[in-house]
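Okay, structure first, notes after.
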Amino acid sequence: FARKVVPIYPRRARRMGREGFVLLRLTIDSDGQVVNIEPLEAEGKEFEEAAIKAVKDSTFEPATKNGKPVACRAVLPFRFSITR
């Protein structure tokens, strides 16, 4: 991450006391731009949407190989947990 945005806990899920987990696969190009987001696992559509929005609002440094920027794929987990 160049700038990591933390997902906003879905209001309805918080009111209901629900916690959740989301796993996303990202494709990041050699400029550090996210070009594809693929949900691999999600415990609820609202959690998935919040995680995807956070990724879209974040910025990334490109991966490098031999000192040169390259495209890459990454798996990114998000845990939504209510702290009491």
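Following the order of the structure tokens, first chain is A, next is B, and so on, with residues numbered from 1 inside each chain and ligands from 1 in the order they appear.
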
Residues near segment 25-29 of chain A, cut-off 12 Å, only C-alpha atoms, skip fewer than 2 positions along chain, as an NGL selection string: :A and (1 or 22-23 or 31-42 or 51-52 or 55-56 or 58-64 or 69-78)

Thr83 of chain A surroundings by only C-alpha atoms, 12 Å radius, close-in-sequence under 4 positions cut, as a ChimeraX atom specification: /A:9,14,17-19,79

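Backbone DSSP over segment 1-63 of chain A gives strand (DSSP E) for A:Gly20, A:Phe21, A:Val22, A:Leu23, A:Leu24, A:Arg25, A:Leu26, A:Thr27, A:Ile28, A:Val34, A:Val35, A:Asn36, A:Ile37, A:Glu38, A:Pro39, A:Leu40, A:Glu41, A:Ala42, A:Ala63.
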
Atomic separation - atom CA of Ala13 of chain A relative to atom CA of Glu48 of chain A, Å: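 Between atom CA of Glu48 of chain A and atom CA of Ala13 of chain A the gap is 12.0 Å.
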
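The gap separating atom CA of Phe21 of chain A from atom CA of Phe80 of chain A is 6.0 Å, in Å to one decimal.
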
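The spacing separating atom CA of Lys45 of chain A from atom CA of Arg15 of chain A amounts to 15.7 Å.
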
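In the backbone-derived DSSP annotation, helix (DSSP H, G or I) within chain A comprises Arg11, Arg12, Ala13, Arg14, Arg15, Lys45, Glu46, Phe47, Glu48, Glu49, Ala50, Ala51, Ile52, Lys53, Ala54, Val55, Lys56 and Asp57 of chain A.
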
Generate a file of the selected residues that holds all heavy atoms, formatted as a short mmCIF file (atom, residue, chain, number, x, y, z; two decimals), in the first residue's frame.
data_model
loop_
_atom_site.label_atom_id
_atom_site.label_comp_id
_atom_site.auth_asym_id
_atom_site.auth_seq_id
_atom_site.Cartn_x
_atom_site.Cartn_y
_atom_site.Cartn_z
N ARG A 11 -23.21 -0.38 8.54
CA ARG A 11 -24.06 0.08 9.64
C ARG A 11 -25.07 -0.98 10.08
O ARG A 11 -25.24 -1.25 11.26
CB ARG A 11 -24.79 1.36 9.21
CG ARG A 11 -25.46 2.07 10.37
CD ARG A 11 -26.04 3.37 9.94
NE ARG A 11 -24.98 4.17 9.33
CZ ARG A 11 -25.16 5.32 8.74
NH1 ARG A 11 -26.34 5.84 8.65
NH2 ARG A 11 -24.15 5.98 8.22
N ARG A 12 -25.74 -1.58 9.11
CA ARG A 12 -26.77 -2.59 9.43
C ARG A 12 -26.14 -3.80 10.14
O ARG A 12 -26.69 -4.31 11.12
CB ARG A 12 -27.47 -3.03 8.16
CG ARG A 12 -28.61 -3.99 8.39
CD ARG A 12 -29.41 -4.18 7.10
NE ARG A 12 -30.54 -5.04 7.32
CZ ARG A 12 -30.56 -6.32 6.97
NH1 ARG A 12 -29.55 -6.86 6.34
NH2 ARG A 12 -31.63 -7.04 7.22
N ALA A 13 -25.00 -4.24 9.65
CA ALA A 13 -24.32 -5.38 10.27
C ALA A 13 -23.90 -5.04 11.70
O ALA A 13 -24.02 -5.87 12.60
CB ALA A 13 -23.11 -5.79 9.43
N ARG A 14 -23.42 -3.83 11.92
CA ARG A 14 -23.02 -3.42 13.27
C ARG A 14 -24.23 -3.41 14.21
O ARG A 14 -24.16 -3.90 15.34
CB ARG A 14 -22.37 -2.04 13.24
CG ARG A 14 -21.86 -1.61 14.62
CD ARG A 14 -21.23 -0.24 14.61
NE ARG A 14 -20.02 -0.16 13.82
CZ ARG A 14 -18.81 -0.57 14.21
NH1 ARG A 14 -18.67 -1.12 15.40
NH2 ARG A 14 -17.77 -0.43 13.44
N ARG A 15 -25.34 -2.84 13.72
CA ARG A 15 -26.57 -2.80 14.55
C ARG A 15 -27.02 -4.20 14.95
O ARG A 15 -27.51 -4.42 16.05
CB ARG A 15 -27.70 -2.12 13.77
CG ARG A 15 -27.89 -0.67 14.08
CD ARG A 15 -29.21 -0.12 13.59
NE ARG A 15 -29.75 -0.73 12.40
CZ ARG A 15 -29.64 -0.26 11.15
NH1 ARG A 15 -28.95 0.83 10.93
NH2 ARG A 15 -30.19 -0.89 10.14
N LYS A 45 -22.88 -9.70 1.60
CA LYS A 45 -22.68 -8.73 0.51
C LYS A 45 -22.23 -7.37 1.04
O LYS A 45 -21.39 -6.71 0.42
CB LYS A 45 -23.98 -8.61 -0.29
CG LYS A 45 -23.82 -7.90 -1.58
CD LYS A 45 -23.02 -8.73 -2.55
CE LYS A 45 -23.01 -8.09 -3.93
NZ LYS A 45 -22.05 -8.70 -4.80
N GLU A 46 -22.77 -6.96 2.19
CA GLU A 46 -22.41 -5.64 2.72
C GLU A 46 -20.93 -5.59 3.12
O GLU A 46 -20.27 -4.57 2.93
CB GLU A 46 -23.31 -5.21 3.88
CG GLU A 46 -23.21 -6.08 5.12
CD GLU A 46 -24.11 -7.32 5.15
OE1 GLU A 46 -24.68 -7.69 4.12
OE2 GLU A 46 -24.23 -7.91 6.23
N PHE A 47 -20.40 -6.69 3.64
CA PHE A 47 -18.97 -6.73 3.99
C PHE A 47 -18.12 -6.71 2.72
O PHE A 47 -17.11 -6.02 2.65
CB PHE A 47 -18.65 -7.97 4.82
CG PHE A 47 -19.25 -7.96 6.19
CD1 PHE A 47 -20.12 -8.96 6.59
CD2 PHE A 47 -18.94 -6.96 7.10
CE1 PHE A 47 -20.67 -8.96 7.86
CE2 PHE A 47 -19.49 -6.95 8.39
CZ PHE A 47 -20.37 -7.96 8.75
N GLU A 48 -18.55 -7.48 1.72
CA GLU A 48 -17.83 -7.51 0.44
C GLU A 48 -17.77 -6.12 -0.19
O GLU A 48 -16.71 -5.66 -0.63
CB GLU A 48 -18.52 -8.49 -0.51
CG GLU A 48 -17.87 -8.59 -1.86
CD GLU A 48 -18.62 -9.55 -2.78
OE1 GLU A 48 -19.05 -10.62 -2.32
OE2 GLU A 48 -18.78 -9.20 -3.96
N GLU A 49 -18.90 -5.43 -0.22
CA GLU A 49 -18.95 -4.09 -0.81
C GLU A 49 -18.06 -3.10 -0.06
O GLU A 49 -17.38 -2.28 -0.68
CB GLU A 49 -20.39 -3.59 -0.86
CG GLU A 49 -21.24 -4.34 -1.87
CD GLU A 49 -22.73 -4.03 -1.77
OE1 GLU A 49 -23.16 -3.31 -0.83
OE2 GLU A 49 -23.48 -4.51 -2.64
N ALA A 50 -18.05 -3.18 1.26
CA ALA A 50 -17.21 -2.29 2.07
C ALA A 50 -15.72 -2.54 1.80
O ALA A 50 -14.93 -1.60 1.68
CB ALA A 50 -17.52 -2.45 3.56
N ALA A 51 -15.34 -3.81 1.69
CA ALA A 51 -13.94 -4.16 1.43
C ALA A 51 -13.52 -3.69 0.03
O ALA A 51 -12.44 -3.12 -0.13
CB ALA A 51 -13.73 -5.67 1.57
N ILE A 52 -14.37 -3.90 -0.96
CA ILE A 52 -14.06 -3.48 -2.32
C ILE A 52 -13.93 -1.96 -2.40
O ILE A 52 -13.00 -1.43 -3.03
CB ILE A 52 -15.10 -4.01 -3.32
CG1 ILE A 52 -14.92 -5.53 -3.47
CG2 ILE A 52 -14.99 -3.30 -4.67
CD1 ILE A 52 -16.00 -6.22 -4.29
N LYS A 53 -14.81 -1.23 -1.73
CA LYS A 53 -14.73 0.23 -1.74
C LYS A 53 -13.41 0.69 -1.12
O LYS A 53 -12.75 1.60 -1.63
CB LYS A 53 -15.90 0.86 -1.01
CG LYS A 53 -15.84 2.39 -1.00
CD LYS A 53 -17.05 3.03 -0.45
CE LYS A 53 -17.04 4.53 -0.48
NZ LYS A 53 -15.83 5.23 -0.80
N ALA A 54 -13.00 0.06 -0.01
CA ALA A 54 -11.74 0.43 0.64
C ALA A 54 -10.55 0.20 -0.29
O ALA A 54 -9.65 1.04 -0.37
CB ALA A 54 -11.56 -0.36 1.94
N VAL A 55 -10.55 -0.91 -1.02
CA VAL A 55 -9.46 -1.19 -1.97
C VAL A 55 -9.45 -0.14 -3.08
O VAL A 55 -8.41 0.37 -3.46
CB VAL A 55 -9.59 -2.61 -2.55
CG1 VAL A 55 -8.68 -2.80 -3.76
CG2 VAL A 55 -9.28 -3.65 -1.49
N LYS A 56 -10.63 0.20 -3.60
CA LYS A 56 -10.71 1.19 -4.68
C LYS A 56 -10.25 2.57 -4.22
O LYS A 56 -9.71 3.35 -5.01
CB LYS A 56 -12.14 1.28 -5.22
CG LYS A 56 -12.52 0.07 -6.06
CD LYS A 56 -13.93 0.20 -6.59
CE LYS A 56 -14.29 -0.97 -7.49
NZ LYS A 56 -15.67 -0.86 -8.00
N ASP A 57 -10.44 2.88 -2.94
CA ASP A 57 -10.03 4.17 -2.40
C ASP A 57 -8.57 4.20 -1.96
O ASP A 57 -8.02 5.26 -1.67
CB ASP A 57 -10.93 4.56 -1.21
CG ASP A 57 -12.36 4.87 -1.63
OD1 ASP A 57 -12.60 5.08 -2.83
OD2 ASP A 57 -13.24 4.88 -0.75
#
